[in-house]
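A.B. asks: query.txt is reproduced in full below (compact mmCIF, C-alpha atoms).
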# COMPACT_ATOMS: atom_id res chain seq x y z
CA MET A 1 -61.32 -57.04 -17.09
CA SER A 2 -61.20 -58.60 -20.53
CA SER A 3 -60.07 -62.10 -21.08
CA ASN A 4 -57.51 -62.76 -23.76
CA PRO A 5 -58.40 -66.03 -25.39
CA LEU A 6 -55.54 -68.10 -26.67
CA PRO A 7 -54.96 -67.74 -30.37
CA PRO A 8 -56.17 -70.69 -32.39
CA ALA A 9 -53.60 -73.43 -32.67
CA ASP A 10 -51.70 -73.60 -35.92
CA PRO A 11 -52.90 -76.88 -37.51
CA ASP A 12 -49.51 -77.47 -39.13
CA GLN A 13 -47.73 -77.04 -35.79
CA VAL A 14 -50.19 -79.39 -34.08
CA GLN A 15 -49.59 -82.02 -36.78
CA ARG A 16 -45.79 -81.66 -36.47
CA GLU A 17 -45.99 -82.10 -32.70
CA ARG A 18 -48.21 -85.17 -33.05
CA THR A 19 -45.85 -86.67 -35.63
CA GLU A 20 -42.87 -86.04 -33.32
CA GLN A 21 -44.74 -87.74 -30.44
CA ILE A 22 -45.64 -90.74 -32.64
CA ALA A 23 -42.00 -91.03 -33.75
CA ARG A 24 -40.80 -90.89 -30.13
CA LEU A 25 -43.27 -93.60 -29.07
CA ASN A 26 -42.26 -95.75 -32.05
CA ASP A 27 -38.59 -95.33 -31.13
CA GLU A 28 -39.38 -96.46 -27.58
CA THR A 29 -41.15 -99.50 -29.00
CA ARG A 30 -38.18 -100.40 -31.24
CA GLN A 31 -35.78 -99.97 -28.33
CA GLY A 32 -37.81 -102.21 -26.00
CA LYS A 33 -38.72 -99.34 -23.67
CA ALA A 34 -42.50 -99.40 -24.28
CA ARG A 35 -43.83 -101.75 -21.61
CA ARG A 36 -47.28 -102.07 -23.15
CA ALA A 37 -46.04 -102.77 -26.69
CA ARG A 38 -46.17 -106.20 -28.27
CA ILE A 39 -43.51 -107.72 -30.51
CA LEU A 40 -44.46 -110.32 -33.11
CA PHE A 41 -42.23 -112.45 -35.30
CA THR A 42 -43.88 -114.10 -38.28
CA ARG A 43 -43.55 -117.83 -38.82
CA GLY A 44 -40.98 -117.27 -41.58
CA VAL A 45 -38.83 -115.12 -39.31
CA VAL A 46 -39.00 -117.70 -36.51
CA GLU A 47 -37.79 -120.35 -38.96
CA LEU A 48 -34.89 -118.10 -39.92
CA LEU A 49 -34.06 -117.48 -36.26
CA ALA A 50 -34.01 -121.24 -35.59
CA GLU A 51 -31.12 -121.56 -38.08
CA GLY A 52 -32.24 -125.06 -39.05
CA GLN A 53 -32.29 -126.33 -35.47
CA THR A 54 -35.13 -128.85 -35.11
CA GLU A 55 -34.45 -130.55 -31.78
CA GLU A 56 -35.98 -129.09 -28.63
CA PRO A 57 -34.93 -127.44 -26.38
CA ALA A 58 -32.01 -126.34 -28.58
CA ARG A 59 -34.42 -124.90 -31.19
CA THR A 60 -36.20 -122.70 -28.66
CA ALA A 61 -32.89 -121.54 -27.20
CA ARG A 62 -31.51 -120.67 -30.65
CA VAL A 63 -34.69 -118.73 -31.53
CA MET A 64 -34.59 -116.80 -28.25
CA ILE A 65 -30.91 -115.90 -28.62
CA ASN A 66 -31.45 -114.74 -32.19
CA GLN A 67 -34.59 -112.78 -31.25
CA GLU A 68 -32.56 -110.79 -28.77
CA ARG A 69 -29.79 -110.18 -31.32
CA LEU A 70 -32.29 -109.15 -34.00
CA MET A 71 -34.15 -106.78 -31.68
CA ARG A 72 -30.86 -105.15 -30.69
CA GLN A 73 -30.10 -104.64 -34.37
CA ILE A 74 -33.57 -103.19 -35.04
CA ALA A 75 -33.25 -100.86 -32.04
CA ASN A 76 -30.01 -99.42 -33.39
CA ALA A 77 -30.73 -99.49 -37.12
CA PRO A 78 -30.91 -96.22 -39.01
CA ILE A 79 -34.20 -95.59 -40.77
CA ASP A 80 -33.90 -94.78 -44.45
CA PRO A 81 -35.85 -91.59 -45.25
CA GLY A 82 -37.38 -93.38 -48.24
CA ASP A 83 -38.91 -95.91 -45.83
CA ASP A 84 -40.28 -93.16 -43.58
CA PRO A 85 -42.25 -90.70 -45.74
CA TYR A 86 -44.35 -89.37 -42.82
CA GLY A 87 -41.53 -89.10 -40.27
CA GLU A 88 -43.18 -91.50 -37.82
CA ARG A 89 -40.29 -94.01 -37.78
CA ASP A 90 -42.73 -96.90 -38.08
CA PHE A 91 -41.00 -99.02 -40.75
CA GLY A 92 -37.49 -100.18 -41.47
CA VAL A 93 -35.31 -102.79 -43.10
CA VAL A 94 -32.45 -104.80 -41.59
CA THR A 95 -30.33 -107.69 -42.79
CA PHE A 96 -30.04 -110.50 -40.28
CA LEU A 97 -28.43 -113.91 -40.80
CA GLY A 98 -27.98 -112.91 -44.44
CA GLU A 99 -31.70 -112.27 -44.96
CA ARG A 100 -33.42 -108.96 -45.58
CA LEU A 101 -36.19 -108.41 -43.01
CA TYR A 102 -38.82 -105.72 -42.53
CA TRP A 103 -40.06 -104.38 -39.25
CA LYS A 104 -43.15 -102.26 -38.90
CA ILE A 105 -45.04 -100.69 -36.04
CA ASP A 106 -48.83 -100.41 -35.97
CA ALA A 107 -50.77 -98.38 -33.41
CA TYR A 108 -54.02 -99.97 -32.20
CA ALA A 109 -56.83 -98.67 -30.04
CA ASP A 110 -56.35 -99.97 -26.51
CA ASP A 111 -59.59 -101.96 -26.43
CA GLY A 112 -58.03 -105.41 -26.09
CA SER A 113 -59.07 -106.57 -29.56
CA PHE A 114 -56.22 -105.28 -31.77
CA SER A 115 -58.95 -104.82 -34.39
CA PHE A 116 -58.92 -101.07 -34.90
CA GLY A 117 -56.20 -98.55 -35.48
CA SER A 118 -55.85 -95.90 -32.82
CA ASP A 119 -57.62 -92.61 -33.53
CA THR A 120 -54.94 -90.89 -31.44
CA PRO A 121 -51.64 -92.74 -32.05
CA TRP A 122 -49.73 -89.90 -30.36
CA ASP A 123 -51.47 -90.68 -27.04
CA ALA A 124 -49.78 -93.64 -25.32
CA SER A 125 -52.55 -93.86 -22.71
CA VAL A 126 -55.09 -95.06 -25.30
CA THR A 127 -52.83 -96.78 -27.84
CA ILE A 128 -51.05 -100.14 -27.94
CA ARG A 129 -48.16 -100.50 -30.38
CA VAL A 130 -47.33 -103.76 -32.13
CA LEU A 131 -43.92 -104.21 -33.72
CA THR A 132 -44.00 -106.96 -36.34
CA VAL A 133 -40.83 -108.45 -37.84
CA LEU A 134 -41.44 -110.15 -41.17
CA GLN A 135 -39.84 -111.30 -44.39
CA PRO A 136 -40.54 -109.22 -47.50
CA CYS A 137 -42.60 -112.08 -48.98
CA GLU A 138 -44.84 -111.93 -45.90
CA TYR A 139 -45.64 -108.22 -46.25
Show me the file's structure as structure tokens.
C.D. replies:
Amino acid sequence: MSSNPLPPADPDQVQRERTEQIARLNDETRQGKARRARILFTRGVVELLAEGQTEEPARTARVMINQERLMRQIANAPIDPGDDPYGERDFGVVTFLGERLYWKIDAYADDGSFSFGSDTPWDASVTIRVLTVLQPCEY
């Protein structure tokens, strides 16, 4: 009885499947469905979200309300093909409170340090995603 080995995988097909998986995981992160993902707002974005409020606890409440509104907008925002040359859906632009903001997703090795990019960003079991919301001047 002869064994029929599987034909070698088509490298282009493997890459397309990995890119599709990365895009799906990035979409889950944007939509708040990735439980292990982290979301960061830069200092400039937090100031924008505070809308000039300086007194606590009103400032914290205003920031939290606007964070939720902004994340809803990011979750539903279309991604311009010019901002997504690799098809991974890891970068986008939104306008919020009259300001243009960027969001980007980075995939880190799940080693607790957030120091190294993931070697296998298509594998959620070994990758932590970080969505950062920032102003263009902070890029």
A.B. asks: Can you tell me which residues surround range 130-135 of chain A at a distance of at most 9 Å, considering all atoms listed in the file, apart from same-chain residues fewer than 3 positions away, and format the answer as a PyMOL selection string?
C.D. replies: chain A and resi 26+29-30+37-45+90+99-108+138-139
A.B. asks: Provide the CA of Thr19 in chain A to CA of Thr120 in chain A distance in Å, to one decimal place.
C.D. replies: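 Computing the Euclidean distance for CA of Thr19 in chain A and CA of Thr120 in chain A yields 10.9 Å.
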A.B. asks: Neighbouring residues of Met71 in chain A were defined as those with any atom within 10 Å, considering only C-alpha atoms; residues of the same chain fewer than 2 positions away were excluded. Please report them as an MDAnalysis selection string.
C.D. replies: chainID A and resid 30:32 39 66:69 73:77 103 133
A.B. asks: Hey, what's within 6 Å of range 49-51 of chain A if we count only C-alpha atoms and toss same-chain stuff fewer than 3 positions away? As number ranges by chain, please?
C.D. replies: A: 46, 59, 62-63, 66
A.B. asks: Find, counting only C-alpha atoms, the residue in A:Leu70, A:Pro57, A:Leu25, A:Gly52 that gets nearest to Arg129 in chain A.
C.D. replies: A:Leu25
A.B. asks: Give, as lines of an AutoDock Vina configuration file, the centre coordinates and the x, y and z edge lengths in Å to one decimal for an axis-aligned box around all listed atoms of range 30-44 of chain A, padded by 8 Å on each side.
C.D. replies:
center_x = -41.5
center_y = -108.6
center_z = -31.6
size_x = 27.5
size_y = 34.5
size_z = 36.0
A.B. asks: Quote the spacing between CA of Glu47 in chain A and CA of Val93 in chain A in Å to one decimal place.
C.D. replies: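 Interatomic distance, CA of Glu47 in chain A to CA of Val93 in chain A: 18.2 Å.
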A.B. asks: In Å to one decimal, how far is CA of Ile128 in chain A from CA of Ser113 in chain A?
C.D. replies: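 Value for the CA of Ser113 in chain A-CA of Ile128 in chain A distance: 10.4 Å.
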